[in-house]
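Peer 1: The structure file start.cif (mmCIF, C-alpha atoms) is provided below.
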```cif
data_run
#
loop_
_atom_site.group_PDB
_atom_site.id
_atom_site.type_symbol
_atom_site.label_atom_id
_atom_site.label_comp_id
_atom_site.auth_asym_id
_atom_site.auth_seq_id
_atom_site.Cartn_x
_atom_site.Cartn_y
_atom_site.Cartn_z
ATOM 1 C CA MET A 1320 76.914 83.913 73.424
ATOM 2 C CA THR A 1321 77.178 84.600 77.049
ATOM 3 C CA THR A 1322 74.494 85.485 79.467
ATOM 4 C CA ALA A 1323 74.571 88.660 81.545
ATOM 5 C CA ASN A 1324 74.345 88.413 85.271
ATOM 6 C CA LEU A 1325 71.760 91.155 85.429
ATOM 7 C CA SER A 1326 68.060 91.211 84.652
ATOM 8 C CA CYS A 1327 66.559 93.966 82.537
ATOM 9 C CA THR A 1328 63.933 95.953 84.414
ATOM 10 C CA SER A 1329 61.908 96.828 81.306
ATOM 11 C CA SER A 1330 59.669 94.725 79.101
ATOM 12 C CA ARG A 1331 60.169 97.087 76.138
ATOM 13 C CA PRO A 1332 62.486 96.225 73.227
ATOM 14 C CA CYS A 1333 66.131 96.862 73.707
ATOM 15 C CA VAL A 1334 66.934 99.594 71.199
ATOM 16 C CA GLN A 1335 70.605 98.724 70.968
ATOM 17 C CA HIS A 1336 70.206 94.986 70.502
ATOM 18 C CA GLY A 1337 66.809 94.836 68.878
ATOM 19 C CA ILE A 1338 65.716 92.087 71.266
ATOM 20 C CA HIS A 1339 62.484 92.145 73.255
ATOM 21 C CA VAL A 1340 63.248 91.398 76.897
ATOM 22 C CA GLN A 1341 60.621 90.324 79.397
ATOM 23 C CA ARG A 1342 60.836 91.706 82.957
ATOM 24 C CA GLY A 1343 62.919 89.454 85.158
ATOM 25 C CA VAL A 1344 64.354 87.415 82.243
ATOM 26 C CA LEU A 1345 68.105 87.300 81.756
ATOM 27 C CA HIS A 1346 69.177 89.433 78.813
ATOM 28 C CA PRO A 1347 71.318 87.616 76.208
ATOM 29 C CA LEU A 1348 74.330 89.598 75.128
ATOM 30 C CA ARG A 1349 76.690 89.266 72.226
ATOM 31 C CA THR A 1350 80.183 87.981 72.744
ATOM 32 C CA GLN A 1351 81.517 91.481 73.330
ATOM 33 C CA GLN A 1352 79.155 91.552 76.329
ATOM 34 C CA LEU A 1353 77.653 94.931 75.583
ATOM 35 C CA GLN A 1354 74.871 95.996 77.909
ATOM 36 C CA CYS A 1355 71.841 98.023 76.985
ATOM 37 C CA PHE A 1356 71.027 101.285 78.666
ATOM 38 C CA LYS A 1357 68.549 99.634 81.013
ATOM 39 C CA HIS A 1358 71.168 97.096 82.104
ATOM 40 C CA ARG A 1359 73.699 99.828 82.820
ATOM 41 C CA ALA A 1360 71.184 101.851 84.760
ATOM 42 C CA TYR A 1361 70.133 98.813 86.733
ATOM 43 C CA SER A 1362 73.738 97.893 87.405
ATOM 44 C CA ALA A 1363 74.351 101.398 88.711
ATOM 45 C CA GLN A 1364 71.250 101.114 90.874
ATOM 46 C CA LEU A 1365 72.568 97.885 92.323
ATOM 47 C CA SER A 1366 76.124 99.068 92.916
ATOM 48 C CA LYS A 1367 75.318 102.561 94.221
ATOM 49 C CA PRO A 1368 73.413 101.500 97.344
ATOM 50 C CA SER A 1369 76.199 99.137 98.289
ATOM 51 C CA VAL A 1370 78.712 102.007 98.035
ATOM 52 C CA VAL A 1371 76.425 104.311 99.993
ATOM 53 C CA ARG A 1372 75.856 101.633 102.570
ATOM 54 C CA ALA A 1373 79.597 101.106 102.880
ATOM 55 C CA GLN A 1374 80.194 104.847 103.225
ATOM 56 C CA GLY A 1375 77.365 105.105 105.742
ATOM 57 C CA ARG A 1376 78.816 102.301 107.792
ATOM 58 C CA GLY A 1377 82.203 104.043 107.747
ATOM 59 C CA GLU A 1378 80.711 107.362 108.899
ATOM 60 C CA GLN A 1379 78.701 105.649 111.601
ATOM 61 C CA ALA A 1380 81.804 103.855 112.784
ATOM 62 C CA ALA A 1381 83.715 107.151 112.900
ATOM 63 C CA ARG A 1382 80.931 108.836 114.876
ATOM 64 C CA ALA A 1383 80.687 105.862 117.181
ATOM 65 C CA ALA A 1384 84.431 106.026 117.742
ATOM 66 C CA LYS A 1385 84.244 109.706 118.716
ATOM 67 C CA LYS A 1386 81.329 109.322 121.115
ATOM 68 C CA PRO A 1387 83.076 106.899 123.439
ATOM 69 C CA VAL A 1388 86.105 109.213 123.647
ATOM 70 C CA LYS A 1389 83.940 112.149 124.751
ATOM 71 C CA ALA A 1390 81.961 109.913 127.064
ATOM 72 C CA VAL A 1391 85.159 108.534 128.549
ATOM 73 C CA GLU A 1392 86.466 112.068 129.143
ATOM 74 C CA GLN A 1393 83.266 113.098 130.916
ATOM 75 C CA THR A 1394 83.127 109.849 132.839
ATOM 76 C CA SER A 1395 86.770 110.085 133.851
ATOM 77 C CA LEU A 1396 86.217 113.658 135.152
ATOM 78 C CA PHE A 1397 83.258 112.681 137.299
ATOM 79 C CA GLN A 1398 84.880 109.439 138.344
ATOM 80 C CA GLY A 1399 88.089 111.285 139.205
ATOM 81 C CA LEU A 1400 86.218 113.815 141.347
ATOM 82 C CA ALA A 1401 84.286 111.007 143.021
ATOM 83 C CA GLU A 1402 87.522 109.145 143.724
ATOM 84 C CA ALA A 1403 89.098 112.335 145.076
ATOM 85 C CA GLN A 1404 86.103 112.831 147.359
ATOM 86 C CA GLY A 1405 86.454 109.229 148.483
ATOM 87 C CA GLN A 1406 90.120 109.756 149.311
ATOM 88 C CA LEU A 1407 89.234 112.815 151.385
ATOM 89 C CA ASN A 1408 86.443 110.931 153.131
ATOM 90 C CA ALA A 1409 88.877 108.117 153.985
ATOM 91 C CA SER A 1410 91.190 110.500 155.826
ATOM 92 C CA ASN A 1411 90.918 111.155 159.544
ATOM 93 C CA VAL A 1412 89.540 114.662 158.991
ATOM 94 C CA SER A 1413 85.943 115.337 160.006
ATOM 95 C CA TRP A 1414 84.013 117.373 157.465
ATOM 96 C CA THR A 1415 81.981 118.904 160.265
ATOM 97 C CA THR A 1416 85.156 120.144 161.923
ATOM 98 C CA PHE A 1417 86.713 121.339 158.682
ATOM 99 C CA LEU A 1418 83.664 123.268 157.473
ATOM 100 C CA GLY A 1419 82.863 124.548 160.955
ATOM 101 C CA LEU A 1420 86.338 126.020 161.387
ATOM 102 C CA ALA A 1421 86.248 127.457 157.868
ATOM 103 C CA LEU A 1422 82.955 129.174 158.684
ATOM 104 C CA LEU A 1423 84.329 130.492 161.974
ATOM 105 C CA ALA A 1424 87.410 131.833 160.201
ATOM 106 C CA GLY A 1425 85.231 133.598 157.649
ATOM 107 C CA VAL A 1426 83.047 135.216 160.274
ATOM 108 C CA THR A 1427 86.011 136.439 162.331
ATOM 109 C CA PHE A 1428 89.221 136.662 160.308
ATOM 110 C CA GLY A 1429 87.362 137.210 157.030
ATOM 111 C CA SER A 1430 85.408 140.134 158.480
ATOM 112 C CA PHE A 1431 88.656 141.617 159.796
ATOM 113 C CA ILE A 1432 90.252 141.318 156.353
ATOM 114 C CA GLN A 1433 87.204 143.012 154.841
ATOM 115 C CA VAL A 1434 87.898 146.050 157.031
ATOM 116 C CA SER A 1435 90.862 146.847 154.773
ATOM 117 C CA HIS A 1436 88.443 147.233 151.891
ATOM 118 C CA ASN A 1437 85.825 149.469 153.436
ATOM 119 C CA ASN A 1438 87.512 152.711 154.471
ATOM 120 C CA PRO A 1439 86.888 154.681 151.234
ATOM 121 C CA ASN A 1440 83.188 153.693 150.970
ATOM 122 C CA LEU A 1441 83.984 150.608 148.953
ATOM 123 C CA PRO A 1442 81.144 149.770 149.197
ATOM 124 C CA VAL A 1443 78.643 151.922 151.123
ATOM 125 C CA TYR A 1444 76.576 149.659 153.373
ATOM 126 C CA ASP A 1445 72.903 150.529 153.783
ATOM 127 C CA TYR A 1446 71.939 148.320 156.747
ATOM 128 C CA PHE A 1447 73.378 147.489 160.197
ATOM 129 C CA THR A 1448 76.253 149.894 159.689
ATOM 130 C CA PHE A 1449 78.942 151.028 162.130
ATOM 131 C CA ASN A 1450 82.509 152.304 162.106
ATOM 132 C CA ILE A 1451 85.491 150.426 163.516
ATOM 133 C CA ASP A 1452 88.560 152.203 164.850
ATOM 134 C CA VAL A 1453 91.141 149.534 164.091
ATOM 135 C CA PHE A 1454 93.904 151.049 166.205
ATOM 136 C CA LYS A 1455 91.752 151.680 169.283
ATOM 137 C CA GLY A 1456 89.651 148.567 168.868
ATOM 138 C CA GLN A 1457 86.464 150.592 169.197
ATOM 139 C CA ILE A 1458 83.090 150.320 167.487
ATOM 140 C CA GLN A 1459 81.717 153.766 166.732
ATOM 141 C CA ALA A 1460 78.604 155.308 165.244
ATOM 142 C CA TYR A 1461 78.517 155.049 161.474
ATOM 143 C CA ASP A 1462 79.963 158.035 159.655
ATOM 144 C CA PRO A 1463 80.151 157.481 155.878
ATOM 145 C CA GLN A 1464 82.219 160.644 155.373
ATOM 146 C CA LYS A 1465 84.974 159.790 157.841
ATOM 147 C CA PHE A 1466 88.079 158.625 155.946
ATOM 148 C CA ASN A 1467 90.685 158.614 158.694
ATOM 149 C CA VAL A 1468 93.341 155.937 158.470
ATOM 150 C CA GLY A 1469 92.272 152.978 160.561
ATOM 151 C CA ILE A 1470 88.567 153.860 160.493
ATOM 152 C CA ALA A 1471 86.624 151.221 158.589
ATOM 153 C CA LYS A 1472 82.989 151.183 157.551
ATOM 154 C CA GLU A 1473 81.417 147.881 158.389
ATOM 155 C CA SER A 1474 78.040 146.180 158.422
ATOM 156 C CA GLY A 1475 76.582 143.375 160.479
ATOM 157 C CA LEU A 1476 75.738 141.718 157.161
ATOM 158 C CA VAL A 1477 79.399 141.182 156.237
ATOM 159 C CA PRO A 1478 79.917 137.890 158.130
ATOM 160 C CA LEU A 1479 76.753 136.473 156.625
ATOM 161 C CA LEU A 1480 77.776 137.486 153.110
ATOM 162 C CA LEU A 1481 81.311 136.128 153.493
ATOM 163 C CA ALA A 1482 80.178 132.773 154.866
ATOM 164 C CA PRO A 1483 79.408 131.090 151.500
ATOM 165 C CA ILE A 1484 82.888 131.947 150.146
ATOM 166 C CA TRP A 1485 84.664 130.679 153.260
ATOM 167 C CA LEU A 1486 82.639 127.475 153.221
ATOM 168 C CA LEU A 1487 82.773 126.679 149.502
ATOM 169 C CA PHE A 1488 86.233 127.683 148.320
ATOM 170 C CA PRO A 1489 88.364 125.948 150.977
ATOM 171 C CA TYR A 1490 86.401 122.761 150.256
ATOM 172 C CA LEU A 1491 86.727 123.082 146.473
ATOM 173 C CA GLN A 1492 90.443 123.745 146.829
ATOM 174 C CA VAL A 1493 91.203 120.562 148.777
ATOM 175 C CA LEU A 1494 88.919 118.531 146.493
ATOM 176 C CA LEU A 1495 90.570 119.745 143.282
ATOM 177 C CA ASP A 1496 94.014 119.386 144.855
ATOM 178 C CA GLU A 1497 93.248 115.739 145.561
ATOM 179 C CA TYR A 1498 91.920 115.269 142.024
ATOM 180 C CA ASN A 1499 95.082 116.819 140.554
ATOM 181 C CA ALA A 1500 97.432 115.439 143.199
ATOM 182 C CA GLU A 1501 100.089 114.200 140.763
ATOM 183 C CA ASP A 1502 100.615 117.583 139.144
ATOM 184 C CA PRO A 1503 104.029 119.001 140.178
ATOM 185 C CA ALA A 1504 102.547 122.446 140.876
ATOM 186 C CA THR A 1505 99.942 120.874 143.162
ATOM 187 C CA VAL A 1506 102.611 118.877 144.984
ATOM 188 C CA GLU A 1507 104.517 122.097 145.670
ATOM 189 C CA ALA A 1508 101.417 124.116 146.622
ATOM 190 C CA THR A 1509 100.262 121.479 149.124
ATOM 191 C CA SER A 1510 103.696 120.909 150.647
ATOM 192 C CA ASP A 1511 104.433 121.529 154.312
ATOM 193 C CA GLY A 1512 106.586 124.494 153.360
ATOM 194 C CA LYS A 1513 103.615 126.272 151.785
ATOM 195 C CA ALA A 1514 100.194 124.888 152.659
ATOM 196 C CA GLY A 1515 101.347 123.769 156.076
ATOM 197 C CA SER A 1516 103.250 126.935 156.947
ATOM 198 C CA LEU A 1517 101.579 129.603 159.074
ATOM 199 C CA ALA A 1518 104.256 132.121 158.062
ATOM 200 C CA PHE A 1519 103.587 131.449 154.385
ATOM 201 C CA ASN A 1520 99.842 131.982 154.863
ATOM 202 C CA LEU A 1521 100.321 135.169 156.877
ATOM 203 C CA LEU A 1522 102.634 136.517 154.180
ATOM 204 C CA MET A 1523 100.007 135.693 151.588
ATOM 205 C CA TRP A 1524 97.235 137.498 153.487
ATOM 206 C CA GLY A 1525 99.523 140.484 153.975
ATOM 207 C CA SER A 1526 99.981 140.678 150.219
ATOM 208 C CA ILE A 1527 96.235 140.331 149.607
ATOM 209 C CA VAL A 1528 95.386 143.024 152.167
ATOM 210 C CA SER A 1529 97.923 145.319 150.472
ATOM 211 C CA ALA A 1530 96.087 144.807 147.186
ATOM 212 C CA PHE A 1531 92.765 145.603 148.929
ATOM 213 C CA LEU A 1532 94.214 148.806 150.389
ATOM 214 C CA LEU A 1533 95.535 149.714 146.969
ATOM 215 C CA SER A 1534 92.081 149.244 145.435
ATOM 216 C CA GLY A 1535 90.638 151.607 148.060
ATOM 217 C CA TYR A 1536 93.321 154.195 147.345
ATOM 218 C CA LEU A 1537 92.653 154.037 143.601
ATOM 219 C CA TYR A 1538 88.903 154.293 144.115
ATOM 220 C CA LEU A 1539 89.103 157.139 146.644
ATOM 221 C CA ASN A 1540 91.387 159.151 144.357
ATOM 222 C CA ASP A 1541 89.093 158.786 141.345
ATOM 223 C CA PHE A 1542 91.361 156.708 139.172
ATOM 224 C CA PRO A 1543 89.565 155.686 135.953
ATOM 225 C CA HIS A 1544 87.964 152.262 136.205
ATOM 226 C CA TRP A 1545 90.098 150.839 133.399
ATOM 227 C CA GLN A 1546 93.265 151.836 135.253
ATOM 228 C CA CYS A 1547 91.978 150.270 138.471
ATOM 229 C CA SER A 1548 91.181 147.113 136.525
ATOM 230 C CA GLY A 1549 94.616 146.899 134.919
ATOM 231 C CA ILE A 1550 96.534 147.482 138.149
ATOM 232 C CA LEU A 1551 94.459 145.055 140.225
ATOM 233 C CA ALA A 1552 94.572 142.400 137.504
ATOM 234 C CA VAL A 1553 98.366 142.480 137.805
ATOM 235 C CA THR A 1554 98.209 142.144 141.610
ATOM 236 C CA ALA A 1555 95.741 139.248 141.276
ATOM 237 C CA PHE A 1556 98.040 137.428 138.870
ATOM 238 C CA LEU A 1557 101.126 138.024 140.992
ATOM 239 C CA ASN A 1558 99.407 136.774 144.156
ATOM 240 C CA TRP A 1559 98.167 133.659 142.358
ATOM 241 C CA ARG A 1560 101.614 133.051 140.859
ATOM 242 C CA ALA A 1561 103.448 133.532 144.140
ATOM 243 C CA PHE A 1562 101.078 131.741 146.515
ATOM 244 C CA ASP A 1563 99.314 129.133 144.375
ATOM 245 C CA ASN A 1564 100.468 128.625 140.770
ATOM 246 C CA THR A 1565 98.142 125.669 140.141
ATOM 247 C CA LYS A 1566 95.543 125.156 137.413
ATOM 248 C CA GLN A 1567 92.814 124.501 139.938
ATOM 249 C CA GLY A 1568 93.739 127.637 141.855
ATOM 250 C CA LEU A 1569 93.509 129.647 138.653
ATOM 251 C CA PHE A 1570 90.122 128.086 137.898
ATOM 252 C CA LEU A 1571 88.742 128.990 141.328
ATOM 253 C CA ALA A 1572 90.096 132.531 141.029
ATOM 254 C CA ALA A 1573 88.412 132.920 137.640
ATOM 255 C CA LEU A 1574 85.184 131.487 139.054
ATOM 256 C CA LEU A 1575 85.039 134.091 141.815
ATOM 257 C CA THR A 1576 86.259 136.874 139.522
ATOM 258 C CA VAL A 1577 83.165 136.437 137.362
ATOM 259 C CA GLY A 1578 80.653 135.031 139.833
ATOM 260 C CA ALA A 1579 81.057 137.497 142.710
ATOM 261 C CA PRO A 1580 80.463 140.732 140.720
ATOM 262 C CA LEU A 1581 77.424 139.156 139.056
ATOM 263 C CA THR A 1582 76.111 138.269 142.514
ATOM 264 C CA GLU A 1583 76.776 141.836 143.624
ATOM 265 C CA VAL A 1584 74.676 143.107 140.722
ATOM 266 C CA VAL A 1585 71.713 141.221 142.213
ATOM 267 C CA ILE A 1586 72.493 142.399 145.761
ATOM 268 C CA VAL A 1587 72.938 146.049 144.763
ATOM 269 C CA ASN A 1588 70.008 146.322 142.363
ATOM 270 C CA GLY A 1589 67.616 143.768 143.826
ATOM 271 C CA LEU A 1590 68.231 143.489 147.561
ATOM 272 C CA HIS A 1591 69.712 147.004 148.024
ATOM 273 C CA LEU A 1592 71.968 145.891 150.888
ATOM 274 C CA TRP A 1593 74.771 148.206 149.789
ATOM 275 C CA HIS A 1594 75.749 150.466 146.917
ATOM 276 C CA TYR A 1595 78.752 152.116 145.281
ATOM 277 C CA ASP A 1596 78.980 155.864 144.757
ATOM 278 C CA ARG A 1597 81.077 155.436 141.583
ATOM 279 C CA PRO A 1598 80.000 152.245 139.773
ATOM 280 C CA ASP A 1599 80.452 151.413 136.105
ATOM 281 C CA PHE A 1600 78.781 148.029 135.608
ATOM 282 C CA PHE A 1601 75.097 147.720 136.598
ATOM 283 C CA GLY A 1602 75.762 149.499 139.880
ATOM 284 C CA VAL A 1603 79.096 147.744 140.558
ATOM 285 C CA PRO A 1604 82.712 148.624 139.657
ATOM 286 C CA HIS A 1605 83.679 145.786 137.342
ATOM 287 C CA TRP A 1606 87.258 145.642 138.608
ATOM 288 C CA ALA A 1607 86.021 144.398 141.993
ATOM 289 C CA GLY A 1608 86.297 140.959 140.366
ATOM 290 C CA TRP A 1609 90.100 141.193 140.573
ATOM 291 C CA CYS A 1610 89.831 141.696 144.337
ATOM 292 C CA TYR A 1611 87.617 138.622 144.555
ATOM 293 C CA ALA A 1612 90.179 136.650 142.556
ATOM 294 C CA GLN A 1613 92.731 137.305 145.293
ATOM 295 C CA TYR A 1614 90.155 136.364 147.891
ATOM 296 C CA ALA A 1615 89.827 132.989 146.144
ATOM 297 C CA THR A 1616 93.593 132.489 146.374
ATOM 298 C CA GLY A 1617 93.488 133.367 150.078
ATOM 299 C CA THR A 1618 90.533 131.173 151.056
ATOM 300 C CA GLY A 1619 91.848 128.306 148.927
ATOM 301 C CA ASN A 1620 95.206 128.358 150.689
ATOM 302 C CA PHE A 1621 93.455 128.638 154.033
ATOM 303 C CA GLY A 1622 91.611 125.417 153.127
ATOM 304 C CA ARG A 1623 94.935 123.728 152.390
ATOM 305 C CA TYR A 1624 96.411 124.949 155.666
ATOM 306 C CA LEU A 1625 93.390 123.851 157.681
ATOM 307 C CA TRP A 1626 93.299 120.424 156.031
ATOM 308 C CA LYS A 1627 97.001 119.907 156.706
ATOM 309 C CA LYS A 1628 96.627 120.757 160.378
ATOM 310 C CA LEU A 1629 93.534 118.618 160.903
ATOM 311 C CA LYS A 1630 95.079 115.678 159.078
ATOM 312 C CA ALA A 1631 98.324 115.778 161.084
#
```
Could you render the structure from this file as structure tokens?
Peer 2:
Amino acid sequence: MTTANLSCTSSRPCVQHGIHVQRGVLHPLRTQQLQCFKHRAYSAQLSKPSVVRAQGRGEQAARAAKKPVKAVEQTSLFQGLAEAQGQLNASNVSWTTFLGLALLAGVTFGSFIQVSHNNPNLPVYDYFTFNIDVFKGQIQAYDPQKFNVGIAKESGLVPLLLAPIWLLFPYLQVLLDEYNAEDPATVEATSDGKAGSLAFNLLMWGSIVSAFLLSGYLYLNDFPHWQCSGILAVTAFLNWRAFDNTKQGLFLAALLTVGAPLTEVVIVNGLHLWHYDRPDFFGVPHWAGWCYAQYATGTGNFGRYLWKKLKA
């Protein structure tokens, strides 16, 4: 007879073997080493937790392996941005000068660009309003019904409202360019032939202003909003493709495409600083986002140009 390596957990008689087994005493088995039901159950109880524990350890190891990957990705993003900021800080460019000139450009050049958008009451300003005769260089009394070519509706609030865009987006552009500096598209976009070229930037702004004038024409002639959206989406894509063509430029354009109209919803409905006479989205024409997308491309490239010139 051999002895089993398990103890029976019951003190009742073993039905199969006809042997009374005390709790904790080794159960004698016949030579064929048959186990009673209690032995089999106990064996299963012993083996099952070990399997479960092994499986649990495997699952925990798999989860633990995934967490570091996600953590590394997040850490590498923040570390990469911090390193990019450090590289910019180490250059000979003063942030005070860079941001100050960007703000000045927004207040002056940005307000001038906005004139191309305001002739057909797009939008209608409600405070500090006046007309500008672009060809004569005259400021005139506000006349919301006057649609002569070269007569723009303007507001003293425009420079203040443009300032955040002209401060934030040139900075974000140079930061993300530095972060993604090894990307071939970024190398091309930040080259002297593009970012450092005044002619290139003037050509870009001419294309953007043309898209703004087109939006005014579509709006003034009562084109359906969905048609305005489709046409201006194409112009936004073409301007990004021709004058940027980087992932970070596309990200910034998308950010302003969504963020600016949502901000306008608050301004129009909460602050009542201006309004649209033909809105379709909580008081705002939704396709205005495509105009903002092109504004992101323009201000981003201005940031590149300014950084190039200050760094030279």
Peer 1: Spell out the residues picked by the PyMOL selection byres ((chain A and resi 1528-1533) around 10) here, as a count of residues only.
Peer 2: 33
Peer 1: Can you list, as a count of residues only, every protein, DNA or RNA residue that comes within 12 Å of Ala1615 in chain A when you count only C-alpha atoms, leaving out same-chain residues fewer than 5 positions away?
Peer 2: 40
Peer 1: A:Val1426, A:Leu1495, A:Leu1480, A:Leu1441: which is nearest Ala1401 in chain A, counting only C-alpha atoms?
Peer 2: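 Selected residue with least distance to Ala1401 in chain A: A:Leu1495.
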Peer 1: List the spatial neighbours of Tyr1446 in chain A as a ChimeraX atom specification - criterion: any atom at most 10 Å away, all atoms listed in the file, same-chain residues fewer than 2 positions off excluded.
Peer 2: /A:1443-1444,1448-1449,1473-1476,1591-1593
Peer 1: Tell me which protein, DNA and RNA residues are within 7 Å of range 1512-1514 of chain A, counting only C-alpha atoms, leaving out same-chain ones fewer than 5 positions away, and put them as number ranges by chain.
Peer 2: A: 1519, 1620, 1623-1624
Peer 1: Would you export the selected residues with C-alpha atoms as a PDB file, in the frame of the given file, please?
Peer 2:
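Output contents, as saved in part-v9.pdb:
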```pdb
ATOM      1  CA  PHE A1519     103.587 131.449 154.385  1.00  0.00           C
ATOM      2  CA  ASN A1620      95.206 128.358 150.689  1.00  0.00           C
ATOM      3  CA  ARG A1623      94.935 123.728 152.390  1.00  0.00           C
ATOM      4  CA  TYR A1624      96.411 124.949 155.666  1.00  0.00           C
TER       5      TYR A1624
END
```
Peer 1: Quick one: distance from CA of Gln1404 in chain A to CA of Leu1494 in chain A in Å, one decimal?
Peer 2: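 CA of Leu1494 in chain A lies 6.4 Å from CA of Gln1404 in chain A.
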Peer 1: Go ahead and compute the interatomic distance for CA of Glu1501 in chain A and CA of Ala1403 in chain A, in Å to one decimal.
Peer 2: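 Computed distance, CA of Glu1501 in chain A to CA of Ala1403 in chain A, equals 12.0 Å.
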Peer 1: Closest to Ala1631 in chain A among A:Asn1408, A:Leu1422, A:Ile1451, A:Asp1511, using all atoms listed in the file?
Peer 2: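 Between A:Asn1408, A:Leu1422, A:Ile1451, A:Asp1511, the residue approaching Ala1631 in chain A most closely is A:Asp1511.
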Peer 1: Report, in Å with one decimal, the straight-line distance from CA of Asn1450 in chain A to CA of Lys1472 in chain A.
Peer 2: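 Computed distance, CA of Asn1450 in chain A to CA of Lys1472 in chain A, equals 4.7 Å.
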Peer 1: Taking all atoms listed in the file into account, which of A:Ala1482, A:Lys1628, A:Ala1612, A:Val1506 comes nearest Thr1427 in chain A?
Peer 2: A:Ala1482
Peer 1: For Pro1604 in chain A, which of A:Leu1557, A:Pro1442, A:Val1477, A:Tyr1498 is the closest residue, counting all atoms listed in the file?
Peer 2: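 Answer, going by the shortest atom-to-atom distance: A:Pro1442.
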Peer 1: Could you check which of A:Val1585, A:Asn1540, A:Lys1566, A:Pro1478 is closest to Thr1505 in chain A, using only C-alpha atoms?
Peer 2: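 Ranked by minimum distance to Thr1505 in chain A, first place goes to A:Lys1566.
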